[in-house]
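This report refers to the structure that appears directly beneath it.
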Amino acid sequence: MPKDKNISLAAQGLKYKLKVSFYLMSILPLLVCIYLVANYILPYLGFQLDIVLSILISIFISIIGFLLIKEVFDRILSVSNEAKLIAAGDINRKLEITPADEVSELADSLNKLTQGIRSNMNELKSYNERTNEINLKIQRHVLTLSGLLQISSLISQDAKLEDILQLILEKSKFLADSDLSYLLYIEEGNEAFYMKAADGINSERVLKIKIERKESIFNKFLQTSGPVILDNENMLPENLNADFRKKFNLKNTLALPIFLRRKIIGILGIGNSRELFSYKKADIELLDILAKQLAIAEENDRLLHRLEKLEIKDGLTGLYNEVFIRNRLQEEIKRAIVSQRPCAFILLGIDNFGGFRNKFGSLQAENALKKIAYSIRDSVTEIDRVARIADDEFAVVLPEKNKRKAQKIANDIRKKIEYAFSSEQEADRKLTASGGVSENPLDGIEAEELISKAKELLSLAKKEGKNRIVI
């Protein structure tokens with residue numbers, strides 16, 4: 001033990017204090033009592049001042065010992081209560097560690113323990129936050145992957161290009177906290193960018209955007225083969241920044257070109273107005289995939305349109321299609337003009353066909369169209385041509401026939417259609433047809449003129465009560 005150790009009782013250890021307390025409360029009072037009893041009480045059996053004083057001193061010494069023990073137990077109880085509160089979850093508590101004794105050592109150990117627990121809790125909280133961020137990223141990637149699969153499915157099913165474009169825009173908006181996704185196309189002829197579609201905040205305003213060739217931002221979009229990025233880390237030239245933000249009302253954007261046969265046909269972009277925002281490599285890669293899918297959808301749509309131009313037959317009825325019948329009508333008109341012979345055109349529309357489809361379903365509607373197609377084809381000659389030009393409209397080109405003959409043929413067709421459905425029990429199943437008849441050169445010398453006149457007369461026939469032919 002060091003020689004200069006403080007001799008104050010408050011500076012001593014708990015064991016030392018307990019010993020002193022024990023001596024004060026038990027041994028010393030006991031010795032005093034024995035002495036007094038032996039020397040004063042027993043011999044004289046009376047009370048004197050010094051005896052009373054000795055007894056009081058003994059009681060005082062005992063009280064001091066009691067208070068000393070009470071101090072020790074109060075400190076132990078205080079540490080115990082603090083430990084209970086810490087065990088209940090209040091790990092921010094801190095125990096006092098003065099004066100230095102065994103209780104203070106215990107308090108110091110508890111403080112270190114709670115400090116370790118706090119450190120572990122903070123670390124767990126940090127891990128939890130990082131885990132939540134990772135989970136959010138995983139969810140975004142899962143949603144993006146799901147969107148890519150949806151888009152691929154629509155493309156493989158030959159869905160409408162507009163539906164595919166809209167889905168791509170919706171999925172693009174999920175990337176990089178975007179407020180807006182947009183699709184710019186190059187306008188054929190004057191080669192200006194026009195907004196084909198947009199989804200998100202201010203989309204109606206953005207749809208009015210048009211970027212002319214003389215604008216500097218046009219050349220930036222057109223000349224790049226990679227992404228155009230405007231964010232906290234990537235800045236465009238000042239004039240382009242101002243131009244873009246004025247048009248799009250966005251602080252940040254990521255835009256990628258859409259290539260078709262090595263030529264840019266459009267721009268797919270996303271944007272937001274976040275402060276201190278930067279796009280990541282993953283955002284660029286995912287948007288690039290969507291841009292490529294859009295290019296595939298555009299190529300498929302163009303191929304389908306070319307294929308439709310090459311096809312001449314309607315897949316459902318086996319009749320000729322609209323493209324063929326228009327070309328054939330134009331050819332027959334030219335031939336009729338050269339030979340100075342008439343050429344008639346009939347346009348037939350099925351009455352109330354929309355209601356029939358809604359009530360009885362697509363399958364019944366298709367069967368009805370096949371039956372009607374057979375009735376029309378059975379009413380014309382081999383040199384005549386029959387086509388289905390719309391969902392419920394049929395056309396007939398009649399070379400060498402004037403309007404009167406065409407009217408008779410049209411009425412025969414109308415009666416056959418009426419008869420074909422006359423045995424149906426329900427009134428809504430009894431389909432009829434109305435029609436209009438036009439003739440070259442009385443109603444025009446071009447195919448479009450004859451078709452337009454026939455449509456006008458068909459509309460008149462429906463207004464006059466349906467199931468009739470008007471010339």
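Labeling convention for the structure tokens: chains A, B, ... as they appear, residues from 1 per chain, ligands from 1 in order of appearance.
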Apply DSSP to the backbone of this structure and, from region 294-453 of chain A, keep only the residues in strand (DSSP E or B); write these as a ChimeraX atom specification. /A:313,320,343-350,385-390,393-399,433-440
Contacts of Lys94 (chain A) at 9 Å or less, counting only C-alpha atoms, minus same-chain residues fewer than 4 places along, as number ranges by chain? A: 82, 107-108, 110-111, 114-115
If I take CA of Arg274 (chain A) and CA of Lys251 (chain A), how far is one from the other in Å, to one decimal? 6.9 Å
Using only C-alpha atoms, the residue out of A:Ser178, A:Lys401, A:Ala433, A:Leu113 with shortest distance to Lys415 (chain A) is A:Ala433
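The space between CA of Leu398 (chain A) and CA of Ala344 (chain A) spans 5.0 Å.
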Ranking A:Lys196, A:Arg245, A:Lys137, A:Arg429 by minimum distance to Phe360 (chain A) and counting only C-alpha atoms, which one comes first? A:Arg429
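The residue set within 12 Å of Val79 (chain A), counting only C-alpha atoms and dropping same-chain residues fewer than 2 places from it, reads Val72, Phe73, Asp74, Arg75, Ile76, Leu77, Asn81, Glu82, Ala83, Lys84, Leu85, Ile86, Arg93, Lys94, Leu95, Glu96, Ile97, Glu102, Val103, Ser104, Glu105, Leu106, Ala107, Asp108, Ser109, Leu110 and Asn111 of chain A.
Residues lying within 12 Å of Arg261 (chain A), counting only C-alpha atoms and ignoring same-chain neighbours fewer than 6 positions away, are Lys292, Ala295, Ile296, Glu298 and Glu299 of chain A.
Atom pair CA of Ile413 (chain A) / CA of Arg328 (chain A) has a distance of 20.9 Å (rounded to one decimal).
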Near Thr224 (chain A), within 12 Å and counting only C-alpha atoms, which residues show up once chain neighbours fewer than 4 positions away are dropped, as an mmCIF file with N, CA and C atoms, in the first residue's frame?
```
data_model
loop_
_atom_site.group_PDB
_atom_site.id
_atom_site.type_symbol
_atom_site.label_atom_id
_atom_site.label_comp_id
_atom_site.auth_asym_id
_atom_site.auth_seq_id
_atom_site.Cartn_x
_atom_site.Cartn_y
_atom_site.Cartn_z
ATOM 1 N N ILE A 217 -29.206 22.684 -78.839
ATOM 2 C CA ILE A 217 -29.472 21.423 -78.143
ATOM 3 C C ILE A 217 -29.849 20.314 -79.118
ATOM 4 N N PHE A 218 -30.384 20.692 -80.281
ATOM 5 C CA PHE A 218 -30.702 19.710 -81.321
ATOM 6 C C PHE A 218 -29.433 18.997 -81.771
ATOM 7 N N ASN A 219 -28.400 19.750 -82.050
ATOM 8 C CA ASN A 219 -27.137 19.165 -82.501
ATOM 9 C C ASN A 219 -26.484 18.317 -81.421
ATOM 10 N N LYS A 220 -26.638 18.728 -80.162
ATOM 11 C CA LYS A 220 -26.088 17.944 -79.065
ATOM 12 C C LYS A 220 -26.741 16.569 -79.012
ATOM 13 N N VAL A 228 -26.563 11.655 -72.915
ATOM 14 C CA VAL A 228 -26.461 13.085 -72.599
ATOM 15 C C VAL A 228 -26.857 13.229 -71.136
ATOM 16 N N ILE A 229 -25.917 13.703 -70.291
ATOM 17 C CA ILE A 229 -26.145 13.748 -68.853
ATOM 18 C C ILE A 229 -26.011 15.184 -68.350
ATOM 19 N N ALA A 255 -30.426 11.291 -70.957
ATOM 20 C CA ALA A 255 -31.076 11.023 -72.245
ATOM 21 C C ALA A 255 -30.183 10.128 -73.094
ATOM 22 N N LEU A 256 -30.813 9.165 -73.773
ATOM 23 C CA LEU A 256 -30.076 8.221 -74.617
ATOM 24 C C LEU A 256 -30.691 8.175 -76.004
ATOM 25 N N PRO A 257 -29.856 8.099 -77.040
ATOM 26 C CA PRO A 257 -30.388 8.051 -78.409
ATOM 27 C C PRO A 257 -31.016 6.688 -78.712
ATOM 28 N N ILE A 258 -31.994 6.709 -79.589
ATOM 29 C CA ILE A 258 -32.632 5.472 -80.067
ATOM 30 C C ILE A 258 -32.167 5.262 -81.503
ATOM 31 N N PHE A 259 -31.429 4.188 -81.712
ATOM 32 C CA PHE A 259 -30.867 3.914 -83.026
ATOM 33 C C PHE A 259 -31.733 2.905 -83.784
ATOM 34 N N LYS A 263 -29.062 4.808 -87.405
ATOM 35 C CA LYS A 263 -29.521 6.188 -87.530
ATOM 36 C C LYS A 263 -30.376 6.539 -86.325
ATOM 37 N N ILE A 264 -30.133 7.720 -85.761
ATOM 38 C CA ILE A 264 -30.918 8.150 -84.611
ATOM 39 C C ILE A 264 -32.323 8.539 -85.061
ATOM 40 N N GLY A 266 -34.752 8.932 -82.452
ATOM 41 C CA GLY A 266 -35.380 9.588 -81.311
ATOM 42 C C GLY A 266 -34.470 9.605 -80.096
ATOM 43 N N ILE A 267 -35.005 10.150 -79.013
ATOM 44 C CA ILE A 267 -34.286 10.271 -77.746
ATOM 45 C C ILE A 267 -35.208 9.822 -76.614
#
```
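Proximity ranking of A:Glu400, A:Glu418, A:Glu238, A:Glu215 relative to Ile376 (chain A) places A:Glu418 first, based on only C-alpha atoms.
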Give me, as a ChimeraX atom specification, all polymer residues having an atom no more than 10 Å from Ile325 (chain A), counting only C-alpha atoms and skipping those fewer than 3 positions away in the same chain. /A:312-313,319-322,328-331,385-389,395-397,447
Quick one: write out the picked residues with C-alpha atoms as a compact mmCIF listing (two decimals), in the first residue's frame?
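Result file follows (part34.txt):
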```txt
# COMPACT_ATOMS: atom_id res chain seq x y z
CA ILE A 312 -53.57 -8.65 -99.97
CA LYS A 313 -55.91 -10.95 -98.00
CA LEU A 319 -61.38 -11.66 -98.72
CA TYR A 320 -59.02 -9.02 -100.07
CA ASN A 321 -57.89 -6.29 -97.67
CA GLU A 322 -58.24 -2.50 -97.85
CA ARG A 328 -57.48 -2.45 -107.62
CA LEU A 329 -60.23 0.19 -107.76
CA GLN A 330 -57.72 2.75 -109.03
CA GLU A 331 -56.54 0.32 -111.73
CA ARG A 385 -63.35 -8.11 -106.33
CA VAL A 386 -64.60 -8.26 -102.72
CA ALA A 387 -62.70 -6.94 -99.69
CA ARG A 388 -63.13 -6.42 -95.97
CA ILE A 389 -61.87 -2.89 -95.37
CA ALA A 395 -66.26 -3.26 -100.37
CA VAL A 396 -66.97 -4.59 -103.86
CA VAL A 397 -65.31 -3.39 -107.09
CA ALA A 447 -60.49 5.76 -106.21
```
Of A:Leu348, A:Leu236, A:Leu363, A:Leu183, the one sitting nearest Leu458 (chain A) when using only C-alpha atoms is A:Leu348
Need the shell around Asp378 (chain A): protein/DNA/RNA residues with any atom at most 10 Å away, counting only C-alpha atoms. Skip same-chain ones fewer than 5 positions apart. Format as a PyMOL selection string? chain A and resi 372-373+413+416
Please give the complete set of residues from region 138-239 of chain A that DSSP, run on the backbone, assigns to alpha helix (DSSP H), formatted as a PyMOL selection string. chain A and resi 138-156+161-172+203-206+216-223+238-239
Got time to write the residues from that selection, C-alpha atoms, as a tab-separated table (two decimals), in the first residue's frame?
```tsv
chain	number	residue	atom	x	y	z
A	138	ILE	CA	-33.14	-4.73	-54.98
A	139	GLN	CA	-36.84	-3.87	-55.17
A	140	ARG	CA	-36.16	-1.21	-57.79
A	141	HIS	CA	-34.10	-3.66	-59.83
A	142	VAL	CA	-36.80	-6.34	-59.48
A	143	LEU	CA	-39.43	-3.85	-60.66
A	144	THR	CA	-37.19	-2.81	-63.53
A	145	LEU	CA	-36.54	-6.43	-64.50
A	146	SER	CA	-40.26	-7.13	-64.30
A	147	GLY	CA	-40.87	-4.12	-66.53
A	148	LEU	CA	-38.29	-5.34	-69.05
A	149	LEU	CA	-40.02	-8.72	-69.16
A	150	GLN	CA	-43.40	-7.03	-69.65
A	151	ILE	CA	-42.04	-4.96	-72.50
A	152	SER	CA	-40.41	-8.01	-74.11
A	153	SER	CA	-43.71	-9.87	-73.80
A	154	LEU	CA	-45.62	-7.05	-75.52
A	155	ILE	CA	-43.05	-6.91	-78.31
A	156	SER	CA	-43.23	-10.67	-78.86
A	161	LEU	CA	-46.53	0.44	-80.66
A	162	GLU	CA	-48.32	3.12	-78.60
A	163	ASP	CA	-48.92	0.63	-75.76
A	164	ILE	CA	-45.26	-0.44	-75.78
A	165	LEU	CA	-44.04	3.17	-75.79
A	166	GLN	CA	-46.31	4.05	-72.87
A	167	LEU	CA	-45.08	1.06	-70.83
A	168	ILE	CA	-41.44	1.97	-71.55
A	169	LEU	CA	-42.07	5.52	-70.36
A	170	GLU	CA	-43.76	4.27	-67.17
A	171	LYS	CA	-40.85	1.95	-66.37
A	172	SER	CA	-38.28	4.63	-67.22
A	203	SER	CA	-46.17	15.96	-68.99
A	204	GLU	CA	-48.91	18.02	-70.69
A	205	ARG	CA	-46.59	21.01	-70.90
A	206	VAL	CA	-43.69	18.89	-72.10
A	216	SER	CA	-27.90	24.10	-80.30
A	217	ILE	CA	-29.47	21.42	-78.14
A	218	PHE	CA	-30.70	19.71	-81.32
A	219	ASN	CA	-27.14	19.16	-82.50
A	220	LYS	CA	-26.09	17.94	-79.06
A	221	PHE	CA	-28.79	15.27	-79.15
A	222	LEU	CA	-28.18	14.39	-82.78
A	223	GLN	CA	-24.39	14.18	-82.70
A	238	GLU	CA	-23.87	26.96	-70.21
A	239	ASN	CA	-26.00	27.82	-73.23
```
